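> Just one file: start-v4.pdb, with PDB, C-alpha atoms.
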ATOM      1  CA  MET A  10      25.290  39.546   6.351
ATOM      2  CA  ALA A  11      26.984  42.919   6.602
ATOM      3  CA  CYS A  12      24.609  44.239   3.912
ATOM      4  CA  LEU A  13      21.697  43.340   6.194
ATOM      5  CA  ILE A  14      23.160  44.192   9.591
ATOM      6  CA  LEU A  15      24.902  47.522   8.953
ATOM      7  CA  PRO A  16      21.913  49.474   7.505
ATOM      8  CA  THR A  17      19.608  48.221  10.260
ATOM      9  CA  LEU A  18      22.156  48.965  12.976
ATOM     10  CA  SER A  19      22.688  52.418  11.507
ATOM     11  CA  ARG A  20      18.937  53.107  11.518
ATOM     12  CA  LEU A  21      18.656  51.809  15.078
ATOM     13  CA  ALA A  22      21.449  54.155  16.133
ATOM     14  CA  THR A  23      20.047  57.237  14.420
ATOM     15  CA  VAL A  24      16.312  56.709  14.861
ATOM     16  CA  SER A  25      15.849  54.698  18.026
ATOM     17  CA  TRP A  26      18.977  55.022  20.147
ATOM     18  CA  SER A  27      19.058  58.807  19.854
ATOM     19  CA  THR A  28      15.764  59.136  21.746
ATOM     20  CA  GLU A  29      15.116  58.883  25.451
ATOM     21  CA  GLN A  30      13.184  55.631  25.023
ATOM     22  CA  GLY A  31      16.032  53.932  23.159
ATOM     23  CA  ALA A  32      19.087  55.427  24.863
ATOM     24  CA  HIS A  33      19.810  52.085  26.524
ATOM     25  CA  GLY A  34      20.362  50.438  23.107
ATOM     26  CA  PRO A  35      24.143  50.855  22.745
ATOM     27  CA  ILE A  36      24.761  49.684  26.295
ATOM     28  CA  ILE A  37      22.671  46.563  25.768
ATOM     29  CA  PHE A  38      24.283  45.912  22.381
ATOM     30  CA  ILE A  39      27.856  46.092  23.704
ATOM     31  CA  SER A  40      27.078  44.090  26.854
ATOM     32  CA  ALA A  41      25.229  41.428  24.797
ATOM     33  CA  LEU A  42      28.267  41.063  22.528
ATOM     34  CA  TRP A  43      30.405  40.611  25.624
ATOM     35  CA  LEU A  44      27.987  37.983  26.982
ATOM     36  CA  ILE A  45      28.095  36.124  23.665
ATOM     37  CA  TRP A  46      31.893  36.167  23.682
ATOM     38  CA  ARG A  47      31.927  35.019  27.314
ATOM     39  CA  ALA A  48      29.585  32.088  26.573
ATOM     40  CA  ARG A  49      32.010  30.786  23.922
ATOM     41  CA  PRO A  50      29.375  28.963  21.828
ATOM     42  CA  TRP A  51      31.967  27.886  19.254
ATOM     43  CA  GLU A  52      33.379  25.404  21.770
ATOM     44  CA  VAL A  53      30.283  23.200  21.449
ATOM     45  CA  ALA A  54      29.524  24.050  17.824
ATOM     46  CA  LYS A  55      27.986  21.247  15.817
ATOM     47  CA  ARG A  56      26.797  22.286  12.372
ATOM     48  CA  GLN A  57      23.169  21.450  11.559
ATOM     49  CA  SER A  58      21.644  20.461   8.255
ATOM     50  CA  PHE A  59      20.562  23.624   6.446
ATOM     51  CA  LEU A  60      17.285  22.426   4.962
ATOM     52  CA  PRO A  61      14.951  22.146   7.992
ATOM     53  CA  VAL A  62      16.298  25.232   9.712
ATOM     54  CA  GLY A  63      16.846  27.135   6.489
ATOM     55  CA  LEU A  64      13.137  27.027   5.747
ATOM     56  CA  LEU A  65      12.699  29.548   8.558
ATOM     57  CA  LEU A  66      15.107  31.857   6.759
ATOM     58  CA  VAL A  67      12.809  32.523   3.788
ATOM     59  CA  PRO A  68       9.902  34.121   5.720
ATOM     60  CA  ALA A  69      12.349  36.035   7.924
ATOM     61  CA  LEU A  70      14.093  37.537   4.893
ATOM     62  CA  LEU A  71      10.736  38.368   3.285
ATOM     63  CA  LEU A  72       9.636  40.100   6.476
ATOM     64  CA  TYR A  73      12.967  41.937   6.584
ATOM     65  CA  SER A  74      12.382  43.257   3.076
ATOM     66  CA  VAL A  75       8.858  44.365   4.050
ATOM     67  CA  GLY A  76      10.311  46.203   7.057
ATOM     68  CA  ARG A  77      12.931  47.923   4.878
ATOM     69  CA  ILE A  78      10.398  48.908   2.214
ATOM     70  CA  THR A  79       7.862  50.289   4.691
ATOM     71  CA  SER A  80      10.543  51.801   6.972
ATOM     72  CA  ILE A  81       9.064  50.160  10.042
ATOM     73  CA  LEU A  82      12.182  49.756  12.141
ATOM     74  CA  ALA A  83      10.694  47.294  14.639
ATOM     75  CA  ILE A  84       9.694  44.813  11.909
ATOM     76  CA  GLU A  85      13.040  45.234  10.168
ATOM     77  CA  ALA A  86      15.045  44.705  13.349
ATOM     78  CA  LEU A  87      12.973  41.765  14.615
ATOM     79  CA  SER A  88      13.184  39.959  11.296
ATOM     80  CA  LEU A  89      16.943  40.591  11.137
ATOM     81  CA  TYR A  90      17.187  39.180  14.654
ATOM     82  CA  THR A  91      15.317  36.087  13.442
ATOM     83  CA  VAL A  92      17.686  35.722  10.482
ATOM     84  CA  ILE A  93      20.702  35.911  12.792
ATOM     85  CA  VAL A  94      19.280  33.338  15.232
ATOM     86  CA  VAL A  95      18.436  30.938  12.369
ATOM     87  CA  LEU A  96      21.948  31.261  10.949
ATOM     88  CA  LEU A  97      23.469  30.730  14.404
ATOM     89  CA  TRP A  98      21.324  27.625  14.795
ATOM     90  CA  THR A  99      22.499  26.356  11.400
ATOM     91  CA  TYR A 100      26.205  27.029  11.867
ATOM     92  CA  LEU A 101      26.651  26.444  15.602
ATOM     93  CA  GLY A 102      23.872  23.998  16.459
ATOM     94  CA  ARG A 103      21.374  23.529  19.244
ATOM     95  CA  GLU A 104      23.902  23.166  22.085
ATOM     96  CA  ALA A 105      25.493  26.499  21.244
ATOM     97  CA  LEU A 106      22.079  28.170  21.221
ATOM     98  CA  LYS A 107      21.423  26.721  24.667
ATOM     99  CA  ARG A 108      24.571  28.494  25.841
ATOM    100  CA  LEU A 109      23.416  31.701  24.167
ATOM    101  CA  TRP A 110      19.826  31.771  25.386
ATOM    102  CA  PHE A 111      20.308  34.674  27.803
ATOM    103  CA  PRO A 112      22.415  36.916  25.531
ATOM    104  CA  LEU A 113      19.958  36.363  22.677
ATOM    105  CA  VAL A 114      16.914  37.232  24.785
ATOM    106  CA  TYR A 115      18.800  40.181  26.281
ATOM    107  CA  LEU A 116      19.651  41.405  22.778
ATOM    108  CA  LEU A 117      15.942  41.809  22.007
ATOM    109  CA  PHE A 118      15.834  44.813  24.329
ATOM    110  CA  ILE A 119      17.767  46.975  21.846
ATOM    111  CA  ILE A 120      14.625  47.080  19.700
ATOM    112  CA  THR A 121      12.204  49.707  20.963
ATOM    113  CA  PRO A 122       8.604  49.139  19.901
ATOM    114  CA  PRO A 123       6.870  51.910  17.943
ATOM    115  CA  GLU A 124       4.964  54.404  20.074
ATOM    116  CA  ASN A 125       1.618  53.548  18.458
ATOM    117  CA  TRP A 126       2.066  49.888  19.517
ATOM    118  CA  VAL A 127       2.806  50.948  23.089
ATOM    119  CA  SER A 128      -0.165  53.324  23.233
ATOM    120  CA  SER A 129      -2.452  50.618  21.820
ATOM    121  CA  LEU A 130      -1.329  48.251  24.580
ATOM    122  CA  ARG A 131      -1.999  50.962  27.178
ATOM    123  CA  VAL A 132      -5.547  51.411  25.865
ATOM    124  CA  LEU A 133      -6.142  47.654  25.879
ATOM    125  CA  SER A 134      -4.843  47.317  29.427
ATOM    126  CA  ARG A 135      -7.285  49.941  30.710
ATOM    127  CA  THR A 136     -10.339  48.073  29.454
TER     128      THR A 136
END
Could I get this structure in the form of structure tokens?


Amino acid sequence: MACLILPTLSRLATVSWSTEQGAHGPIIFISALWLIWRARPWEVAKRQSFLPVGLLLVPALLLYSVGRITSILAIEALSLYTVIVVLLWTYLGREALKRLWFPLVYLLFIITPPENWVSSLRVLSRT
């Protein structure tokens, strides 16, 4: 997991979090980790069967590799997020994810969308 997380986190820190649009990233990341620790999901952990949930892991890892190859940070980070959530679901279970719903949704805000996506949405909203 460290081989997936560390390069993406490093790119987020250098590319996204160093700009004005992504300056909130480190604050959200640290506070989300604190919220996860505070929720203590391991207290209700009940390991799931890998096969049904693990099937979601294959497309997420393929999308992660596409994001790494094309250097599209948003795709890379969102697919890594999906991989992490699937693994949490497998190892901790559904009850633990219910405890973690807010920190996991909150953690999505560290990923800033590319500027061309934002400008496309602005154009669509004007019409």

> Just checking: using only C-alpha atoms, which residue out of A:Phe38, A:Trp26, A:Trp43, A:Tyr90 ends up closest to Leu13 (chain A)?

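Answer, going by the shortest atom-to-atom distance: A:Tyr90.
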
> Would you kindly translate the PyMOL selection byres ((chain A and resi 107-114) around 12) into the concrete residues it picks from this file, as a PyMOL selection string?

chain A and resi 37-54+87+90-91+93-95+97-98+101-106+115-120

> Could you jot down the CA of Val62 (chain A) to CA of Leu18 (chain A) separation for me, Å, one decimal place?

24.7 Å

> Measuring atom to atom with all atoms listed in the file, identify which of A:Leu130, A:Tyr100, A:Val67, A:Ala11 is nearest to Lys55 (chain A).

A:Tyr100

> So what does the PyMOL selection byres ((chain A and resi 82) around 10) actually pick up in this one, as a list in words?

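So the PyMOL selection byres ((chain A and resi 82) around 10), applied here, picks out Thr17, Arg20, Leu21, Val24, Ser25, Tyr73, Gly76, Arg77, Thr79, Ser80, Ile81, Ala83, Ile84, Glu85, Ala86, Leu87, Ser88, Ile120, Thr121, Pro122 and Pro123 of chain A.
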
> For the selection just defined, write its residues with C-alpha atoms to a file, as a PDB file, in the coordinates of the input.


ATOM      1  CA  THR A  17      19.608  48.221  10.260  1.00  0.00           C
ATOM      2  CA  ARG A  20      18.937  53.107  11.518  1.00  0.00           C
ATOM      3  CA  LEU A  21      18.656  51.809  15.078  1.00  0.00           C
ATOM      4  CA  VAL A  24      16.312  56.709  14.861  1.00  0.00           C
ATOM      5  CA  SER A  25      15.849  54.698  18.026  1.00  0.00           C
ATOM      6  CA  TYR A  73      12.967  41.937   6.584  1.00  0.00           C
ATOM      7  CA  GLY A  76      10.311  46.203   7.057  1.00  0.00           C
ATOM      8  CA  ARG A  77      12.931  47.923   4.878  1.00  0.00           C
ATOM      9  CA  THR A  79       7.862  50.289   4.691  1.00  0.00           C
ATOM     10  CA  SER A  80      10.543  51.801   6.972  1.00  0.00           C
ATOM     11  CA  ILE A  81       9.064  50.160  10.042  1.00  0.00           C
ATOM     12  CA  ALA A  83      10.694  47.294  14.639  1.00  0.00           C
ATOM     13  CA  ILE A  84       9.694  44.813  11.909  1.00  0.00           C
ATOM     14  CA  GLU A  85      13.040  45.234  10.168  1.00  0.00           C
ATOM     15  CA  ALA A  86      15.045  44.705  13.349  1.00  0.00           C
ATOM     16  CA  LEU A  87      12.973  41.765  14.615  1.00  0.00           C
ATOM     17  CA  SER A  88      13.184  39.959  11.296  1.00  0.00           C
ATOM     18  CA  ILE A 120      14.625  47.080  19.700  1.00  0.00           C
ATOM     19  CA  THR A 121      12.204  49.707  20.963  1.00  0.00           C
ATOM     20  CA  PRO A 122       8.604  49.139  19.901  1.00  0.00           C
ATOM     21  CA  PRO A 123       6.870  51.910  17.943  1.00  0.00           C
TER      22      PRO A 123
END

> In Å, with one decimal, what is the gap from CA of Leu66 (chain A) to CA of Met10 (chain A)?

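Taking CA of Leu66 (chain A) as the start and CA of Met10 (chain A) as the end point, the length is 12.8 Å.
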
> Have a look at CA of Leu60 (chain A) and CA of Val92 (chain A) and let me know their distance in Å, one decimal.

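Result for CA of Leu60 (chain A) versus CA of Val92 (chain A): 14.4 Å, one decimal.
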
> So, counting all atoms listed in the file, which residue among A:Ala22, A:Leu70, A:Ile78, A:Ile14 is closest to Pro35 (chain A)?

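Among the listed residues, the smallest separation from Pro35 (chain A) belongs to A:Ala22.
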
> Could you put an axis-aligned box around every listed atom of region 34-52 of chain A, padded by 5 Å on each side, and send me its centre and edge lengths in Å to one decimal, as JSON?


{"center_x": 26.9, "center_y": 38.1, "center_z": 23.3, "size_x": 23.0, "size_y": 35.5, "size_z": 18.1}

> Quick one: region 93-104 of chain A with all heavy atoms, as an mmCIF file, in the first residue's frame?


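Printed below is decode.cif as written:
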data_model
loop_
_atom_site.group_PDB
_atom_site.id
_atom_site.type_symbol
_atom_site.label_atom_id
_atom_site.label_comp_id
_atom_site.auth_asym_id
_atom_site.auth_seq_id
_atom_site.Cartn_x
_atom_site.Cartn_y
_atom_site.Cartn_z
ATOM 1 N N ILE A 93 -8.452 2.305 -1.276
ATOM 2 C CA ILE A 93 -8.377 2.358 0.185
ATOM 3 C C ILE A 93 -9.731 2.032 0.812
ATOM 4 O O ILE A 93 -9.818 1.281 1.778
ATOM 5 C CB ILE A 93 -7.837 3.724 0.648
ATOM 6 C CG1 ILE A 93 -6.372 3.849 0.266
ATOM 7 C CG2 ILE A 93 -8.027 3.918 2.147
ATOM 8 C CD1 ILE A 93 -5.789 5.229 0.458
ATOM 9 N N VAL A 94 -10.808 2.587 0.267
ATOM 10 C CA VAL A 94 -12.145 2.320 0.808
ATOM 11 C C VAL A 94 -12.509 0.836 0.636
ATOM 12 O O VAL A 94 -13.060 0.224 1.551
ATOM 13 C CB VAL A 94 -13.197 3.235 0.157
ATOM 14 C CG1 VAL A 94 -14.602 2.801 0.502
ATOM 15 C CG2 VAL A 94 -12.972 4.674 0.581
ATOM 16 N N VAL A 95 -12.175 0.247 -0.505
ATOM 17 C CA VAL A 95 -12.466 -1.178 -0.719
ATOM 18 C C VAL A 95 -11.680 -2.037 0.269
ATOM 19 O O VAL A 95 -12.218 -2.988 0.841
ATOM 20 C CB VAL A 95 -12.157 -1.574 -2.184
ATOM 21 C CG1 VAL A 95 -12.127 -3.081 -2.350
ATOM 22 C CG2 VAL A 95 -13.171 -0.959 -3.128
ATOM 23 N N LEU A 96 -10.426 -1.707 0.499
ATOM 24 C CA LEU A 96 -9.628 -2.478 1.451
ATOM 25 C C LEU A 96 -10.134 -2.286 2.886
ATOM 26 O O LEU A 96 -10.139 -3.238 3.671
ATOM 27 C CB LEU A 96 -8.162 -2.107 1.335
ATOM 28 C CG LEU A 96 -7.480 -2.598 0.053
ATOM 29 C CD1 LEU A 96 -6.053 -2.101 -0.018
ATOM 30 C CD2 LEU A 96 -7.540 -4.111 -0.054
ATOM 31 N N LEU A 97 -10.559 -1.072 3.221
ATOM 32 C CA LEU A 97 -11.158 -0.858 4.545
ATOM 33 C C LEU A 97 -12.426 -1.682 4.707
ATOM 34 O O LEU A 97 -12.670 -2.266 5.767
ATOM 35 C CB LEU A 97 -11.464 0.627 4.762
ATOM 36 C CG LEU A 97 -10.307 1.534 5.102
ATOM 37 C CD1 LEU A 97 -10.766 2.987 5.125
ATOM 38 C CD2 LEU A 97 -9.701 1.154 6.432
ATOM 39 N N TRP A 98 -13.231 -1.725 3.671
ATOM 40 C CA TRP A 98 -14.464 -2.510 3.690
ATOM 41 C C TRP A 98 -14.145 -3.993 3.888
ATOM 42 O O TRP A 98 -14.798 -4.694 4.648
ATOM 43 C CB TRP A 98 -15.225 -2.284 2.402
ATOM 44 C CG TRP A 98 -16.596 -2.878 2.339
ATOM 45 C CD1 TRP A 98 -17.262 -3.550 3.321
ATOM 46 C CD2 TRP A 98 -17.475 -2.851 1.226
ATOM 47 N NE1 TRP A 98 -18.505 -3.931 2.872
ATOM 48 C CE2 TRP A 98 -18.657 -3.517 1.591
ATOM 49 C CE3 TRP A 98 -17.372 -2.323 -0.048
ATOM 50 C CZ2 TRP A 98 -19.718 -3.671 0.721
ATOM 51 C CZ3 TRP A 98 -18.443 -2.470 -0.912
ATOM 52 C CH2 TRP A 98 -19.595 -3.134 -0.530
ATOM 53 N N THR A 99 -13.093 -4.472 3.206
ATOM 54 C CA THR A 99 -12.717 -5.876 3.320
ATOM 55 C C THR A 99 -12.184 -6.203 4.710
ATOM 56 O O THR A 99 -12.573 -7.210 5.308
ATOM 57 C CB THR A 99 -11.645 -6.225 2.270
ATOM 58 O OG1 THR A 99 -12.160 -5.931 0.982
ATOM 59 C CG2 THR A 99 -11.277 -7.690 2.337
ATOM 60 N N TYR A 100 -11.299 -5.382 5.236
ATOM 61 C CA TYR A 100 -10.638 -5.712 6.492
ATOM 62 C C TYR A 100 -11.422 -5.299 7.741
ATOM 63 O O TYR A 100 -11.291 -5.930 8.777
ATOM 64 C CB TYR A 100 -9.237 -5.102 6.531
ATOM 65 C CG TYR A 100 -8.295 -5.814 5.602
ATOM 66 C CD1 TYR A 100 -7.861 -5.213 4.446
ATOM 67 C CD2 TYR A 100 -7.875 -7.108 5.876
ATOM 68 C CE1 TYR A 100 -7.009 -5.871 3.580
ATOM 69 C CE2 TYR A 100 -7.027 -7.782 5.018
ATOM 70 C CZ TYR A 100 -6.592 -7.156 3.871
ATOM 71 O OH TYR A 100 -5.769 -7.820 3.011
ATOM 72 N N LEU A 101 -12.206 -4.235 7.648
ATOM 73 C CA LEU A 101 -12.919 -3.762 8.834
ATOM 74 C C LEU A 101 -14.412 -4.073 8.805
ATOM 75 O O LEU A 101 -15.047 -4.151 9.846
ATOM 76 C CB LEU A 101 -12.712 -2.253 9.011
ATOM 77 C CG LEU A 101 -11.274 -1.800 9.249
ATOM 78 C CD1 LEU A 101 -11.217 -0.293 9.352
ATOM 79 C CD2 LEU A 101 -10.699 -2.454 10.481
ATOM 80 N N GLY A 102 -14.994 -4.166 7.619
ATOM 81 C CA GLY A 102 -16.403 -4.515 7.516
ATOM 82 C C GLY A 102 -17.309 -3.306 7.359
ATOM 83 O O GLY A 102 -16.896 -2.151 7.403
ATOM 84 N N ARG A 103 -18.581 -3.609 7.178
ATOM 85 C CA ARG A 103 -19.590 -2.598 6.898
ATOM 86 C C ARG A 103 -19.847 -1.681 8.103
ATOM 87 O O ARG A 103 -20.025 -0.476 7.949
ATOM 88 C CB ARG A 103 -20.886 -3.275 6.477
ATOM 89 C CG ARG A 103 -21.982 -2.297 6.119
ATOM 90 C CD ARG A 103 -23.203 -2.991 5.630
ATOM 91 N NE ARG A 103 -22.893 -3.572 4.336
ATOM 92 C CZ ARG A 103 -23.598 -4.537 3.779
ATOM 93 N NH1 ARG A 103 -24.635 -5.040 4.386
ATOM 94 N NH2 ARG A 103 -23.269 -5.002 2.600
ATOM 95 N N GLU A 104 -19.876 -2.245 9.296
ATOM 96 C CA GLU A 104 -20.140 -1.431 10.494
ATOM 97 C C GLU A 104 -19.044 -0.387 10.713
ATOM 98 O O GLU A 104 -19.323 0.736 11.119
ATOM 99 C CB GLU A 104 -20.281 -2.323 11.730
ATOM 100 C CG GLU A 104 -21.535 -3.156 11.733
ATOM 101 C CD GLU A 104 -22.801 -2.307 11.672
ATOM 102 O OE1 GLU A 104 -22.876 -1.286 12.377
ATOM 103 O OE2 GLU A 104 -23.717 -2.685 10.918
#
